[in-house]
Amino acid sequence: MLNQLRQAKLVWPTLAALAALGVLIGLGTWQLERKRWKETLLAKIASRVAADPQPLARITELAHSGGDIEYLHVSAAGRFHHDKERYLYAPAPSGLAWQVYAPLEIAPGRIVWINRGLVPDASKAPATRAAGQMAGETEIRGVVRLPPEKTLFTPQNDVAGNLWYWADVPALTASAFPPGMAVTALPFTIEADAQPVPPGGLPKGGVTRIALSNRHLEYAITWYGIALTLIGVYLAFAVTRLRASRPGR
């Protein structure tokens with residue numbers, strides 16, 4: 001067999017085809033593994049979001065011990081500093097919109113940033129939604145979110161203009177409270193639930209996105225399909241070479 005391959009000058013093409021086939025099959029199998037991982041993650045997120053809320057103290061304890069707190073359902077009580085709202089750019093299909101972040105003071109000098117939800121640009125100014133600026137002790141239920149990592153494609157936050165593209169907790173805190181004011185922010189944010197709806201209907205909570213993209217099966221089929229195509233092309237090529245190398249041809 002090896003002599004036939006040599007005579008037909010198929011040794012190197014065969015080795016190259018086998019190497020490429022191994023890579024393609026490996027990529028397809030990796031995508032199937034990613035599919036299983038993504039399905040497990042989606043199931044975990046759905047379970048956590050739907051669970052009864054845990055006390056904020058429990059979440060804080062888990063965070064300090066390095067526990068996995070992302071997407072846990074939490075209940076927090078405190079007093080909002082509505083005058084220190086920060087606005088994250090969040091364009092919607094209906095037009096320009098903003099996610100409203102407000103610090104919730106849970107103890108003297110201790111806050112957690114709450115993503116209260118979405119407001120259209122016309123209702124960005126607090127005076128246009130005064131009914132929703134709850135005063136006094138307020139209980140908030142929502143989903144724990146860890147601050148996202150800034151990528152190369154994420155614009156710089158415009159701190160002076162109160163225009164934010166990602167929830168940088170230390171920067172949010174520094175921009176909202178004077179330097180001499182001793183304020184400590186928890187190292188995560190809370191995305192408020194859609195219910196109960198605040199008076200006046202705004203901000204509109206429930207912005208947590210749990211429908212993560214899961215196209216790994218499609219990708220796996222693509223890689224396996226390319227592998228099958230490679231096999232077909234190689235066989236056609238090899239048969240042609242073998243026939244041409246036969247004596248008397």
# chains A, B, ... in the order shown; residues from 1 in each chain; ligands from 1
$ select_by_dssp --residues "stretch 124-198 of chain A" --states "helix (DSSP H, G or I)" --output "JSON, numbers by chain"
{"A": [126, 127, 128, 129, 130, 131, 132, 169, 170, 171, 172, 173, 174, 175, 176]}
$ write_last_selection --atoms "all heavy atoms" --output "JSON list (two decimals), in the first residue's frame"
[["chain", "number", "residue", "atom", "x", "y", "z"],
["A", 126, "PRO", "N", -34.56, 62.76, 35.72],
["A", 126, "PRO", "CA", -35.35, 62.28, 36.86],
["A", 126, "PRO", "C", -36.65, 63.04, 37.06],
["A", 126, "PRO", "O", -37.65, 62.45, 37.50],
["A", 126, "PRO", "CB", -34.41, 62.49, 38.05],
["A", 126, "PRO", "CG", -33.04, 62.46, 37.46],
["A", 126, "PRO", "CD", -33.17, 63.08, 36.10],
["A", 127, "ALA", "N", -36.69, 64.33, 36.71],
["A", 127, "ALA", "CA", -37.90, 65.13, 36.92],
["A", 127, "ALA", "C", -39.06, 64.62, 36.08],
["A", 127, "ALA", "O", -40.23, 64.84, 36.43],
["A", 127, "ALA", "CB", -37.62, 66.59, 36.58],
["A", 128, "THR", "N", -38.78, 63.91, 34.98],
["A", 128, "THR", "CA", -39.84, 63.40, 34.11],
["A", 128, "THR", "C", -40.45, 62.11, 34.64],
["A", 128, "THR", "O", -41.46, 61.65, 34.11],
["A", 128, "THR", "CB", -39.31, 63.15, 32.69],
["A", 128, "THR", "OG1", -38.30, 62.12, 32.74],
["A", 128, "THR", "CG2", -38.70, 64.42, 32.11],
["A", 129, "ARG", "N", -39.87, 61.55, 35.68],
["A", 129, "ARG", "CA", -40.37, 60.30, 36.26],
["A", 129, "ARG", "C", -40.25, 60.36, 37.79],
["A", 129, "ARG", "O", -39.80, 59.42, 38.44],
["A", 129, "ARG", "CB", -39.61, 59.10, 35.71],
["A", 129, "ARG", "CG", -38.12, 59.28, 35.66],
["A", 129, "ARG", "CD", -37.36, 58.11, 35.02],
["A", 129, "ARG", "NE", -35.98, 58.47, 34.80],
["A", 129, "ARG", "CZ", -35.02, 58.39, 35.70],
["A", 129, "ARG", "NH1", -35.30, 57.96, 36.93],
["A", 129, "ARG", "NH2", -33.78, 58.75, 35.42],
["A", 130, "ALA", "N", -40.69, 61.47, 38.32],
["A", 130, "ALA", "CA", -40.55, 61.72, 39.76],
["A", 130, "ALA", "C", -41.28, 60.67, 40.60],
["A", 130, "ALA", "O", -40.84, 60.33, 41.71],
["A", 130, "ALA", "CB", -41.07, 63.12, 40.09],
["A", 131, "ALA", "N", -42.38, 60.12, 40.08],
["A", 131, "ALA", "CA", -43.15, 59.13, 40.85],
["A", 131, "ALA", "C", -42.33, 57.88, 41.13],
["A", 131, "ALA", "O", -42.54, 57.20, 42.15],
["A", 131, "ALA", "CB", -44.43, 58.77, 40.09],
["A", 132, "GLY", "N", -41.40, 57.58, 40.25],
["A", 132, "GLY", "CA", -40.60, 56.36, 40.42],
["A", 132, "GLY", "C", -39.39, 56.52, 41.31],
["A", 132, "GLY", "O", -38.66, 55.55, 41.55],
["A", 169, "VAL", "N", -17.71, 49.71, 38.52],
["A", 169, "VAL", "CA", -18.18, 50.03, 39.87],
["A", 169, "VAL", "C", -17.30, 51.05, 40.59],
["A", 169, "VAL", "O", -17.81, 52.04, 41.15],
["A", 169, "VAL", "CB", -18.35, 48.75, 40.71],
["A", 169, "VAL", "CG1", -18.59, 49.08, 42.19],
["A", 169, "VAL", "CG2", -19.51, 47.91, 40.17],
["A", 170, "PRO", "N", -15.98, 50.88, 40.62],
["A", 170, "PRO", "CA", -15.15, 51.90, 41.30],
["A", 170, "PRO", "C", -15.30, 53.29, 40.67],
["A", 170, "PRO", "O", -15.37, 54.29, 41.40],
["A", 170, "PRO", "CB", -13.72, 51.36, 41.13],
["A", 170, "PRO", "CG", -13.89, 49.89, 40.98],
["A", 170, "PRO", "CD", -15.15, 49.72, 40.20],
["A", 171, "ALA", "N", -15.38, 53.35, 39.33],
["A", 171, "ALA", "CA", -15.52, 54.65, 38.67],
["A", 171, "ALA", "C", -16.90, 55.24, 38.92],
["A", 171, "ALA", "O", -17.03, 56.46, 39.12],
["A", 171, "ALA", "CB", -15.27, 54.50, 37.17],
["A", 172, "LEU", "N", -17.93, 54.42, 38.92],
["A", 172, "LEU", "CA", -19.27, 54.91, 39.23],
["A", 172, "LEU", "C", -19.30, 55.54, 40.62],
["A", 172, "LEU", "O", -19.84, 56.63, 40.83],
["A", 172, "LEU", "CB", -20.28, 53.76, 39.17],
["A", 172, "LEU", "CG", -20.70, 53.22, 37.81],
["A", 172, "LEU", "CD1", -21.46, 51.90, 37.95],
["A", 172, "LEU", "CD2", -21.56, 54.25, 37.07],
["A", 173, "THR", "N", -18.68, 54.83, 41.57],
["A", 173, "THR", "CA", -18.68, 55.30, 42.95],
["A", 173, "THR", "C", -17.88, 56.59, 43.10],
["A", 173, "THR", "O", -18.33, 57.55, 43.75],
["A", 173, "THR", "CB", -18.11, 54.21, 43.87],
["A", 173, "THR", "OG1", -18.83, 52.98, 43.66],
["A", 173, "THR", "CG2", -18.21, 54.61, 45.33],
["A", 174, "ALA", "N", -16.70, 56.62, 42.48],
["A", 174, "ALA", "CA", -15.85, 57.82, 42.59],
["A", 174, "ALA", "C", -16.51, 59.03, 41.95],
["A", 174, "ALA", "O", -16.34, 60.16, 42.42],
["A", 174, "ALA", "CB", -14.50, 57.54, 41.92],
["A", 175, "SER", "N", -17.27, 58.81, 40.89],
["A", 175, "SER", "CA", -17.92, 59.93, 40.21],
["A", 175, "SER", "C", -19.13, 60.45, 40.97],
["A", 175, "SER", "O", -19.52, 61.62, 40.82],
["A", 175, "SER", "CB", -18.36, 59.51, 38.80],
["A", 175, "SER", "OG", -19.48, 58.63, 38.86],
["A", 176, "ALA", "N", -19.75, 59.60, 41.78],
["A", 176, "ALA", "CA", -20.99, 59.98, 42.46],
["A", 176, "ALA", "C", -20.79, 60.58, 43.84],
["A", 176, "ALA", "O", -21.62, 61.37, 44.30],
["A", 176, "ALA", "CB", -21.91, 58.76, 42.57]]
$ residues_around --residues "A:Glu137" --least-positions-apart "3" --cutoff "7 Å" --atoms "only C-alpha atoms" --output "ChimeraX atom specification"
/A:77-79
$ residues_around --residues "A:Ile25" --least-positions-apart "2" --cutoff "7 Å" --atoms "only C-alpha atoms" --output "PDB file with all heavy atoms, in the first residue's frame"
ATOM      1  N   LEU A  21      -7.892  16.520   8.497  1.00  0.00           N
ATOM      2  CA  LEU A  21      -9.086  15.804   8.966  1.00  0.00           C
ATOM      3  C   LEU A  21      -9.127  15.753  10.489  1.00  0.00           C
ATOM      4  O   LEU A  21     -10.182  15.954  11.108  1.00  0.00           O
ATOM      5  CB  LEU A  21      -9.110  14.391   8.377  1.00  0.00           C
ATOM      6  CG  LEU A  21     -10.351  13.552   8.675  1.00  0.00           C
ATOM      7  CD1 LEU A  21     -11.585  14.195   8.052  1.00  0.00           C
ATOM      8  CD2 LEU A  21     -10.171  12.129   8.147  1.00  0.00           C
ATOM      9  N   GLY A  22      -7.964  15.515  11.101  1.00  0.00           N
ATOM     10  CA  GLY A  22      -7.905  15.488  12.561  1.00  0.00           C
ATOM     11  C   GLY A  22      -8.276  16.826  13.170  1.00  0.00           C
ATOM     12  O   GLY A  22      -9.001  16.894  14.172  1.00  0.00           O
ATOM     13  N   VAL A  23      -7.796  17.905  12.548  1.00  0.00           N
ATOM     14  CA  VAL A  23      -8.118  19.254  13.048  1.00  0.00           C
ATOM     15  C   VAL A  23      -9.613  19.525  12.917  1.00  0.00           C
ATOM     16  O   VAL A  23     -10.255  20.033  13.855  1.00  0.00           O
ATOM     17  CB  VAL A  23      -7.313  20.313  12.273  1.00  0.00           C
ATOM     18  CG1 VAL A  23      -7.816  21.716  12.623  1.00  0.00           C
ATOM     19  CG2 VAL A  23      -5.829  20.196  12.596  1.00  0.00           C
ATOM     20  N   LEU A  27     -12.211  20.206  15.924  1.00  0.00           N
ATOM     21  CA  LEU A  27     -13.003  21.434  16.054  1.00  0.00           C
ATOM     22  C   LEU A  27     -14.488  21.123  16.209  1.00  0.00           C
ATOM     23  O   LEU A  27     -15.189  21.761  17.006  1.00  0.00           O
ATOM     24  CB  LEU A  27     -12.776  22.329  14.830  1.00  0.00           C
ATOM     25  CG  LEU A  27     -11.410  23.018  14.752  1.00  0.00           C
ATOM     26  CD1 LEU A  27     -11.221  23.670  13.389  1.00  0.00           C
ATOM     27  CD2 LEU A  27     -11.252  24.044  15.862  1.00  0.00           C
ATOM     28  N   GLY A  28     -14.974  20.152  15.451  1.00  0.00           N
ATOM     29  CA  GLY A  28     -16.383  19.771  15.576  1.00  0.00           C
ATOM     30  C   GLY A  28     -16.686  19.219  16.961  1.00  0.00           C
ATOM     31  O   GLY A  28     -17.707  19.561  17.579  1.00  0.00           O
ATOM     32  N   THR A  29     -15.794  18.369  17.474  1.00  0.00           N
ATOM     33  CA  THR A  29     -15.990  17.787  18.808  1.00  0.00           C
ATOM     34  C   THR A  29     -15.908  18.863  19.886  1.00  0.00           C
ATOM     35  O   THR A  29     -16.683  18.855  20.853  1.00  0.00           O
ATOM     36  CB  THR A  29     -14.918  16.712  19.058  1.00  0.00           C
ATOM     37  OG1 THR A  29     -15.008  15.717  18.028  1.00  0.00           O
ATOM     38  CG2 THR A  29     -15.112  16.051  20.412  1.00  0.00           C
ATOM     39  N   TRP A 223     -18.191  22.072  10.854  1.00  0.00           N
ATOM     40  CA  TRP A 223     -16.849  21.475  10.845  1.00  0.00           C
ATOM     41  C   TRP A 223     -16.883  20.024  10.385  1.00  0.00           C
ATOM     42  O   TRP A 223     -16.022  19.598   9.595  1.00  0.00           O
ATOM     43  CB  TRP A 223     -16.218  21.576  12.237  1.00  0.00           C
ATOM     44  CG  TRP A 223     -15.817  22.950  12.646  1.00  0.00           C
ATOM     45  CD1 TRP A 223     -16.268  23.662  13.715  1.00  0.00           C
ATOM     46  CD2 TRP A 223     -14.879  23.805  11.976  1.00  0.00           C
ATOM     47  NE1 TRP A 223     -15.690  24.898  13.769  1.00  0.00           N
ATOM     48  CE2 TRP A 223     -14.825  25.020  12.712  1.00  0.00           C
ATOM     49  CE3 TRP A 223     -14.098  23.675  10.831  1.00  0.00           C
ATOM     50  CZ2 TRP A 223     -14.001  26.073  12.331  1.00  0.00           C
ATOM     51  CZ3 TRP A 223     -13.279  24.732  10.457  1.00  0.00           C
ATOM     52  CH2 TRP A 223     -13.233  25.915  11.193  1.00  0.00           C
ATOM     53  N   TYR A 224     -17.862  19.251  10.864  1.00  0.00           N
ATOM     54  CA  TYR A 224     -17.964  17.860  10.423  1.00  0.00           C
ATOM     55  C   TYR A 224     -18.285  17.787   8.933  1.00  0.00           C
ATOM     56  O   TYR A 224     -17.816  16.889   8.217  1.00  0.00           O
ATOM     57  CB  TYR A 224     -19.038  17.127  11.232  1.00  0.00           C
ATOM     58  CG  TYR A 224     -18.639  16.832  12.663  1.00  0.00           C
ATOM     59  CD1 TYR A 224     -19.575  16.919  13.703  1.00  0.00           C
ATOM     60  CD2 TYR A 224     -17.345  16.456  12.991  1.00  0.00           C
ATOM     61  CE1 TYR A 224     -19.218  16.643  15.009  1.00  0.00           C
ATOM     62  CE2 TYR A 224     -16.980  16.189  14.300  1.00  0.00           C
ATOM     63  CZ  TYR A 224     -17.919  16.283  15.305  1.00  0.00           C
ATOM     64  OH  TYR A 224     -17.561  16.008  16.609  1.00  0.00           O
ATOM     65  N   ALA A 227     -15.186  18.285   7.066  1.00  0.00           N
ATOM     66  CA  ALA A 227     -14.380  17.059   7.159  1.00  0.00           C
ATOM     67  C   ALA A 227     -14.853  16.029   6.132  1.00  0.00           C
ATOM     68  O   ALA A 227     -14.036  15.388   5.451  1.00  0.00           O
ATOM     69  CB  ALA A 227     -14.456  16.485   8.571  1.00  0.00           C
TER      70      ALA A 227
END
$ closest_residue --among "A:Asp158, A:Asp52, A:Glu218, A:Glu85" --to "A:Val143" --atoms "only C-alpha atoms"
A:Asp52
$ residues_around --residues "A:Leu186" --least-positions-apart "6" --cutoff "10 Å" --atoms "only C-alpha atoms" --output "list in words"
Thr60, Ala63, His64, Arg110, Ile111, Val112, Trp113, Val169 and Pro170 of chain A
$ residues_around --residues "A:Pro91" --least-positions-apart "6" --cutoff "9 Å" --atoms "only C-alpha atoms" --output "list in words"
Ala97, Trp98 and Pro120 of chain A
$ decode --residues "stretch 19-100 of chain A" --atoms "C-alpha atoms" --output "compact mmCIF listing (two decimals), in the first residue's frame"
# COMPACT_ATOMS: atom_id res chain seq x y z
CA ALA A 19 -3.72 16.13 9.61
CA ALA A 20 -6.44 18.46 8.30
CA LEU A 21 -9.09 15.80 8.97
CA GLY A 22 -7.90 15.49 12.56
CA VAL A 23 -8.12 19.25 13.05
CA LEU A 24 -11.62 19.46 11.54
CA ILE A 25 -12.95 16.57 13.62
CA GLY A 26 -11.32 18.08 16.71
CA LEU A 27 -13.00 21.43 16.05
CA GLY A 28 -16.38 19.77 15.58
CA THR A 29 -15.99 17.79 18.81
CA TRP A 30 -14.89 20.92 20.65
CA GLN A 31 -18.05 22.69 19.51
CA LEU A 32 -20.17 19.81 20.85
CA GLU A 33 -18.37 20.17 24.18
CA ARG A 34 -19.03 23.91 24.09
CA LYS A 35 -22.70 23.15 23.37
CA ARG A 36 -22.95 20.98 26.48
CA TRP A 37 -21.17 23.67 28.54
CA LYS A 38 -23.50 26.41 27.21
CA GLU A 39 -26.63 24.34 27.93
CA THR A 40 -25.42 23.72 31.48
CA LEU A 41 -24.73 27.43 31.92
CA LEU A 42 -28.15 28.43 30.57
CA ALA A 43 -29.87 25.93 32.86
CA LYS A 44 -27.93 27.29 35.85
CA ILE A 45 -28.80 30.88 35.00
CA ALA A 46 -32.49 30.08 34.53
CA SER A 47 -32.56 28.20 37.83
CA ARG A 48 -30.87 31.00 39.74
CA VAL A 49 -32.99 33.78 38.30
CA ALA A 50 -36.19 31.89 39.10
CA ALA A 51 -35.15 30.94 42.66
CA ASP A 52 -36.32 32.73 45.78
CA PRO A 53 -34.11 35.75 46.51
CA GLN A 54 -31.31 35.33 49.02
CA PRO A 55 -30.40 38.00 51.57
CA LEU A 56 -27.76 40.46 50.42
CA ALA A 57 -25.61 39.56 53.43
CA ARG A 58 -25.40 35.97 52.18
CA ILE A 59 -24.39 37.10 48.68
CA THR A 60 -21.77 39.46 50.11
CA GLU A 61 -20.34 36.65 52.23
CA LEU A 62 -20.10 34.41 49.16
CA ALA A 63 -18.45 37.19 47.14
CA HIS A 64 -15.78 37.78 49.80
CA SER A 65 -15.00 34.06 49.94
CA GLY A 66 -14.64 33.82 46.16
CA GLY A 67 -17.93 32.01 45.61
CA ASP A 68 -19.88 31.94 42.38
CA ILE A 69 -22.50 34.67 42.75
CA GLU A 70 -23.25 35.58 39.14
CA TYR A 71 -27.00 35.57 38.39
CA LEU A 72 -28.03 34.70 41.95
CA HIS A 73 -31.41 36.16 42.93
CA VAL A 74 -30.99 38.61 45.80
CA SER A 75 -33.02 40.88 48.06
CA ALA A 76 -31.53 44.15 49.32
CA ALA A 77 -32.96 46.93 51.45
CA GLY A 78 -31.74 50.48 51.76
CA ARG A 79 -32.21 54.07 50.72
CA PHE A 80 -31.67 55.23 47.16
CA HIS A 81 -29.50 58.24 46.32
CA HIS A 82 -31.54 59.26 43.30
CA ASP A 83 -29.54 62.46 42.88
CA LYS A 84 -26.51 60.32 41.98
CA GLU A 85 -28.04 58.37 39.11
CA ARG A 86 -25.66 57.23 36.40
CA TYR A 87 -26.77 56.42 32.85
CA LEU A 88 -25.53 53.53 30.76
CA TYR A 89 -25.99 53.81 26.99
CA ALA A 90 -28.54 51.17 25.95
CA PRO A 91 -30.09 51.81 22.53
CA ALA A 92 -33.33 49.88 21.96
CA PRO A 93 -35.24 48.98 18.76
CA SER A 94 -37.66 51.78 19.60
CA GLY A 95 -34.88 54.37 19.84
CA LEU A 96 -32.27 55.76 22.20
CA ALA A 97 -32.61 54.49 25.77
CA TRP A 98 -30.63 54.35 28.99
CA GLN A 99 -30.15 51.93 31.85
CA VAL A 100 -30.43 53.81 35.13
